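What follows is query23.txt (compact mmCIF, C-alpha atoms).
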```txt
# COMPACT_ATOMS: atom_id res chain seq x y z
CA MET A 569 8.39 -6.63 -52.41
CA ARG A 570 9.98 -6.86 -48.99
CA ASN A 571 9.99 -10.24 -47.40
CA LYS A 572 8.96 -10.98 -43.85
CA ASP A 573 12.57 -11.48 -42.69
CA THR A 574 13.54 -7.96 -43.76
CA ALA A 575 10.49 -6.43 -42.07
CA SER A 576 11.18 -8.43 -38.94
CA ALA A 577 14.83 -7.31 -38.84
CA GLU A 578 13.83 -3.69 -39.32
CA ALA A 579 11.24 -3.97 -36.56
CA GLU A 580 13.87 -5.45 -34.25
CA ILE A 581 16.13 -2.44 -34.91
CA VAL A 582 13.28 -0.13 -33.88
CA PHE A 583 12.54 -2.19 -30.76
CA GLU A 584 16.23 -2.23 -29.79
CA LYS A 585 16.38 1.57 -30.10
CA LYS A 586 13.35 1.82 -27.81
CA ARG A 587 14.99 -0.53 -25.31
CA GLU A 588 18.18 1.52 -25.44
CA ARG A 589 16.20 4.71 -24.77
CA ARG A 590 14.53 3.06 -21.78
CA ARG A 591 17.94 1.98 -20.49
CA LEU A 592 19.23 5.55 -20.76
CA LEU A 593 16.18 6.94 -18.95
CA ALA A 594 16.46 4.27 -16.26
CA GLY A 595 20.06 5.34 -15.61
CA LEU A 596 19.17 8.96 -14.87
CA PRO A 597 19.40 10.29 -11.29
CA PHE A 598 16.16 9.73 -9.36
CA GLU A 599 15.62 13.46 -8.91
CA ARG A 600 15.76 13.98 -12.69
CA LYS A 601 13.31 11.11 -13.20
CA ILE A 602 10.83 12.83 -10.87
CA GLU A 603 11.22 16.02 -12.93
CA ILE A 604 10.43 14.00 -16.06
CA ILE A 605 7.26 12.68 -14.41
CA VAL A 606 6.19 16.30 -13.86
CA GLU A 607 6.88 17.00 -17.55
CA LEU A 608 4.70 14.01 -18.47
CA GLN A 609 1.95 15.30 -16.15
CA LYS A 610 2.09 18.74 -17.80
CA ALA A 611 1.91 17.15 -21.25
CA ALA A 612 -1.11 15.09 -20.20
CA ALA A 613 -2.78 18.18 -18.68
CA ALA A 614 -2.20 20.11 -21.90
CA ILE A 615 -4.17 17.46 -23.78
CA ARG A 616 -6.97 17.13 -21.28
CA LYS A 617 -7.34 18.67 -17.87
CA ASP A 618 -8.46 16.21 -15.22
CA PRO A 619 -9.13 17.63 -11.73
CA ARG A 620 -8.22 14.25 -10.21
CA HIS A 621 -4.75 14.43 -11.71
CA MET A 622 -2.78 17.43 -10.59
CA VAL A 623 0.69 18.42 -11.75
CA TRP A 624 3.06 18.02 -8.82
CA PRO A 625 4.50 21.11 -7.24
CA LEU A 626 8.18 20.34 -7.08
CA MET B 349 7.67 15.44 -2.64
CA GLU B 350 10.60 15.97 -0.28
CA ASN B 351 8.38 17.69 2.32
CA ALA B 352 5.67 15.04 1.95
CA LEU B 353 8.26 12.32 2.64
CA ILE B 354 9.45 14.20 5.73
CA VAL B 355 5.89 14.31 7.09
CA VAL B 356 5.31 10.62 6.33
CA LYS B 357 8.49 9.74 8.22
CA GLU B 358 7.36 11.93 11.13
CA MET B 359 4.11 9.95 11.21
CA MET B 360 6.08 6.75 11.45
CA GLN B 361 8.38 8.14 14.15
CA SER B 362 5.34 9.41 16.11
CA GLY B 363 3.73 5.97 16.09
CA ILE B 364 0.78 6.97 13.90
CA ILE B 365 1.76 4.23 11.45
CA GLY B 366 4.24 1.38 11.52
CA PRO B 367 7.03 0.73 8.99
CA ILE B 368 6.50 2.19 5.53
CA ALA B 369 7.77 1.72 2.01
CA ILE B 370 7.20 3.66 -1.18
CA GLY B 371 5.43 1.54 -3.80
CA GLY B 372 3.57 2.08 -7.04
CA GLY B 373 4.75 4.28 -9.88
CA ILE B 374 7.35 6.20 -7.91
CA ALA B 375 8.96 2.98 -6.71
CA ALA B 376 9.00 1.69 -10.30
CA THR B 377 10.54 4.99 -11.45
CA TYR B 378 13.34 4.54 -8.93
CA TYR B 379 14.40 1.36 -10.78
CA ILE B 380 13.42 1.89 -14.42
CA GLU B 381 12.41 4.70 -16.76
CA PRO B 382 10.03 7.36 -15.38
CA VAL B 383 6.40 6.28 -15.48
CA LEU B 384 3.45 8.66 -15.50
CA THR B 385 1.91 8.58 -12.06
CA TYR B 386 0.04 11.09 -9.92
CA ASP B 387 0.33 9.87 -6.33
CA LEU B 388 3.02 8.94 -3.86
CA ASP B 389 1.90 5.45 -2.83
CA ILE B 390 2.97 4.54 0.69
CA PHE B 391 2.54 0.97 1.86
CA PHE B 392 2.41 0.90 5.64
CA ILE B 393 2.04 -1.63 8.41
CA PRO B 394 -0.71 -0.49 10.79
CA ILE B 395 0.19 -0.01 14.44
CA GLU B 396 -2.92 -1.99 15.38
CA ASP B 397 -4.86 -4.46 13.28
CA GLY B 398 -8.56 -3.86 12.94
CA LEU B 399 -11.18 -2.37 10.73
CA ASP B 400 -10.09 1.25 11.12
CA VAL B 401 -6.42 1.12 10.14
CA LEU B 402 -6.66 4.44 8.31
CA GLY B 403 -8.33 6.22 11.23
CA PRO B 404 -5.11 7.29 13.01
CA ILE B 405 -3.82 8.70 9.69
CA TYR B 406 -6.97 10.73 9.01
CA ARG B 407 -7.00 12.09 12.56
CA TYR B 408 -3.35 13.10 12.32
CA VAL B 409 -3.63 14.81 8.92
CA GLY B 410 -6.85 16.46 10.05
CA LYS B 411 -5.01 18.04 13.00
CA ARG B 412 -2.20 19.16 10.69
CA GLY B 413 -4.71 20.65 8.25
CA PHE B 414 -3.79 18.46 5.28
CA PRO B 415 -6.87 18.18 3.06
CA LEU B 416 -8.19 15.09 1.33
CA GLN B 417 -8.47 14.89 -2.43
CA ALA B 418 -10.25 11.79 -3.67
CA GLU B 419 -8.27 8.80 -2.33
CA ALA B 420 -5.18 10.88 -1.61
CA ILE B 421 -4.15 13.14 1.24
CA MET B 422 -2.53 16.40 0.18
CA ILE B 423 0.54 16.50 2.40
CA GLU B 424 2.47 19.74 1.94
CA GLY B 425 0.61 20.08 -1.36
CA PHE B 426 1.63 16.63 -2.59
CA PRO B 427 -0.88 13.79 -3.12
CA VAL B 428 -0.07 10.82 -0.89
CA GLN B 429 -2.00 7.59 -0.87
CA PHE B 430 -1.60 5.39 2.21
CA ILE B 431 -2.11 1.71 1.50
CA PRO B 432 -2.22 -0.66 4.48
CA ALA B 433 -0.12 -3.78 3.84
CA TYR B 434 -3.06 -5.96 2.84
CA ASN B 435 -1.42 -9.37 2.73
CA GLU B 436 1.73 -11.24 3.69
CA LEU B 437 3.57 -10.42 0.45
CA VAL B 438 3.09 -6.68 0.89
CA ARG B 439 4.02 -6.87 4.58
CA GLU B 440 7.19 -8.71 3.67
CA ALA B 441 7.89 -6.11 0.96
CA VAL B 442 7.66 -3.33 3.57
CA TRP B 443 9.92 -5.13 6.04
CA ASN B 444 12.52 -5.74 3.29
CA ALA B 445 12.51 -2.23 1.84
CA VAL B 446 15.73 -0.45 0.90
CA ASP B 447 16.48 3.26 1.22
CA LEU B 448 16.19 5.70 -1.61
CA GLU B 449 17.43 9.25 -1.43
CA TYR B 450 15.48 12.20 -2.80
CA ARG B 451 17.11 15.58 -2.29
CA SER B 452 17.83 15.72 1.44
CA VAL B 453 15.50 12.88 2.46
CA LYS B 454 16.06 9.14 2.74
CA ALA B 455 12.95 6.97 2.60
CA PRO B 456 12.28 3.25 2.31
CA VAL B 457 11.23 1.92 -1.10
CA VAL B 458 9.96 -1.53 -2.00
CA ARG B 459 12.73 -3.64 -3.52
CA ALA B 460 12.47 -4.35 -7.24
CA GLU B 461 11.90 -8.08 -6.67
CA TYR B 462 8.94 -7.38 -4.39
CA LEU B 463 7.59 -4.69 -6.70
CA ALA B 464 7.58 -7.26 -9.51
CA ALA B 465 5.98 -9.94 -7.32
CA ILE B 466 3.24 -7.56 -6.14
CA ALA B 467 2.60 -6.69 -9.79
CA VAL B 468 2.29 -10.42 -10.63
CA GLN B 469 -0.14 -10.80 -7.75
CA THR B 470 -2.26 -7.80 -8.72
CA GLY B 471 -2.25 -8.95 -12.32
CA ARG B 472 -3.78 -6.01 -14.24
CA SER B 473 -2.43 -5.33 -17.72
CA LYS B 474 -0.47 -2.33 -16.42
CA ASP B 475 1.03 -4.56 -13.72
CA ARG B 476 2.09 -7.12 -16.32
CA GLU B 477 3.71 -4.29 -18.25
CA ARG B 478 5.51 -3.19 -15.08
CA VAL B 479 6.94 -6.67 -14.47
CA ALA B 480 8.15 -6.80 -18.07
CA ARG B 481 9.88 -3.42 -17.70
CA LEU B 482 11.49 -4.35 -14.39
CA LEU B 483 12.83 -7.59 -15.84
CA GLU B 484 13.98 -5.95 -19.05
CA GLY B 485 15.74 -3.29 -16.98
CA GLU B 486 17.76 -6.05 -15.29
CA VAL B 487 17.02 -4.59 -11.87
CA VAL B 488 15.38 -7.77 -10.58
CA ASN B 489 17.43 -10.56 -9.03
CA ARG B 490 15.71 -13.48 -10.77
CA SER B 491 16.46 -16.09 -8.13
CA VAL B 492 15.17 -13.82 -5.34
CA PHE B 493 12.10 -13.04 -7.46
CA ASP B 494 11.45 -16.73 -8.11
CA GLU B 495 11.79 -17.50 -4.39
CA ILE B 496 9.32 -14.77 -3.48
CA LEU B 497 6.84 -16.03 -6.06
CA LYS B 498 7.22 -19.59 -4.81
CA LYS B 499 6.79 -18.58 -1.16
CA HIS B 500 3.58 -16.69 -1.91
CA GLY B 501 2.05 -19.20 -4.29
CA LEU B 502 2.50 -17.03 -7.38
CA SER B 503 4.77 -19.23 -9.53
CA GLU B 504 1.92 -20.63 -11.61
CA LYS B 505 0.39 -17.20 -12.13
CA TRP B 506 3.78 -15.92 -13.28
CA ARG B 507 4.20 -18.82 -15.69
CA LYS B 508 0.85 -17.94 -17.27
CA ILE B 509 1.82 -14.26 -17.57
CA GLU B 510 5.16 -15.21 -19.12
CA GLY B 511 3.33 -17.48 -21.52
CA ILE B 512 1.09 -14.62 -22.63
CA SER B 513 4.13 -12.34 -23.07
CA HIS B 514 5.92 -14.86 -25.27
CA GLU B 515 2.85 -15.34 -27.42
CA LYS B 516 2.75 -11.62 -28.34
```
Would you kindly transcribe this structure into structure tokens?
Amino acid sequence: MRNKDTASAEAEIVFEKKRERRRLLAGLPFERKIEIIVELQKAAAAIRKDPRHMVWPL
Amino acid sequence: MENALIVVKEMMQSGIIGPIAIGGGIAATYYIEPVLTYDLDIFFIPIEDGLDVLGPIYRYVGKRGFPLQAEAIMIEGFPVQFIPAYNELVREAVWNAVDLEYRSVKAPVVRAEYLAAIAVQTGRSKDRERVARLLEGEVVNRSVFDEILKKHGLSEKWRKIEGISHEK
């Protein structure tokens, strides 16, 4: 049976990987970040179309 | 977005609106990881104070044929939301904006410290998340941020938000 310390350490590894990914994304050129926003908008539209939320025409 | 920024700058240069600064999700994206957003939020200082600060904008975009879509104006096909600087903190944020560059256009953007302070002031859960991300991203000068909070009476509110964050 895993103890709490092991679970906590494993969770911290996961959280650190997420932080690292955010750091990498933050370091991208601004123009690329805007392109990623458009990708996020397309992904959201694929799940549910909302007329109030249009995908940007870049 | 490039063409929309050009038009917004033309509006400023033509005296339709005063100084501007990009805020909201696009401003946050400039500093940290991309955030899902759908509008270009433009804080602006009105040329004249009064009840109808958006009037000159609507008249201008009407003449240029830019349609409205909900709260946004579709400028060159891009949704732009004009937000009059509604208190001293936001006005100060506009005056202290820095330039960002997007393709061939330079435009003012709210500094990270002011973006975080405005988020503290607004206080929704997504704003608290934004402050956390800005601080985690180490893009906020903490002493400048603390000074801004102190000046605008937000230090206590920030302490409460920090307290909630540490409890999680």
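Separating atom CA of B:Leu384 from atom CA of A:Arg600 is a distance of 13.7 Å.
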Query raised in the report: Do you know which residues are at most 12 Å from B:Leu402 counting all atoms listed in the file, after dropping those on the same chain fewer than 4 positions away, and could you put them as a ChimeraX atom specification?
Result: /B:364-366,391-398,406-409,419-421,429-433
Query - Residues near A:Val606, cut-off 12 Å, only C-alpha atoms, skip fewer than 2 positions along chain, as number ranges by chain - result: A: 599-604, 608-613, 621-626; B: 349, 374, 382-387
Selection file, C-alpha atoms, as a JSON list (two decimals), in the coordinates of the input:
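File written: selection.json
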```
[["chain", "number", "residue", "atom", "x", "y", "z"],
["A", 599, "GLU", "CA", 15.62, 13.46, -8.91],
["A", 600, "ARG", "CA", 15.76, 13.98, -12.69],
["A", 601, "LYS", "CA", 13.31, 11.11, -13.20],
["A", 602, "ILE", "CA", 10.83, 12.83, -10.87],
["A", 603, "GLU", "CA", 11.22, 16.02, -12.93],
["A", 604, "ILE", "CA", 10.43, 14.00, -16.06],
["A", 608, "LEU", "CA", 4.70, 14.01, -18.47],
["A", 609, "GLN", "CA", 1.95, 15.30, -16.15],
["A", 610, "LYS", "CA", 2.09, 18.74, -17.80],
["A", 611, "ALA", "CA", 1.91, 17.15, -21.25],
["A", 612, "ALA", "CA", -1.11, 15.09, -20.20],
["A", 613, "ALA", "CA", -2.78, 18.18, -18.68],
["A", 621, "HIS", "CA", -4.75, 14.43, -11.71],
["A", 622, "MET", "CA", -2.78, 17.43, -10.59],
["A", 623, "VAL", "CA", 0.69, 18.42, -11.75],
["A", 624, "TRP", "CA", 3.06, 18.02, -8.82],
["A", 625, "PRO", "CA", 4.50, 21.11, -7.24],
["A", 626, "LEU", "CA", 8.18, 20.34, -7.08],
["B", 349, "MET", "CA", 7.67, 15.44, -2.64],
["B", 374, "ILE", "CA", 7.35, 6.20, -7.91],
["B", 382, "PRO", "CA", 10.03, 7.36, -15.38],
["B", 383, "VAL", "CA", 6.40, 6.28, -15.48],
["B", 384, "LEU", "CA", 3.45, 8.66, -15.50],
["B", 385, "THR", "CA", 1.91, 8.58, -12.06],
["B", 386, "TYR", "CA", 0.04, 11.09, -9.92],
["B", 387, "ASP", "CA", 0.33, 9.87, -6.33]]
```
Query raised in the report: When the cut-off is 6 Å and we count all atoms listed in the file, which residues of chain A are near chain B, given as a count of residues only?
Result: 6
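Put simply, atom CA of B:Arg478 is 12.7 Å away from atom CA of B:Glu510.
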Requested in this report: Please measure the separation of atom CA of B:Ile496 and atom CA of B:Glu461, giving the value in Å to one decimal.
Outcome: 7.8 Å
All file atoms of stretch 585-597 of chain A boxed axis-aligned, 3 Å per side, centre plus edges, as AutoDock Vina command-line options:
```
--center_x 16.7 --center_y 4.9 --center_z -20.7 --size_x 12.7 --size_y 16.8 --size_z 24.8
```
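Nearest to B:Val355 of all the residues B:Tyr462, B:Val438, B:Met422, B:Thr470 is B:Met422, counting all atoms listed in the file.
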Report summary line: Counting only C-alpha atoms, the residue among B:Ile423, B:Val401, B:Val446, B:Val458 that lies closest to B:Ala375 is B:Val458
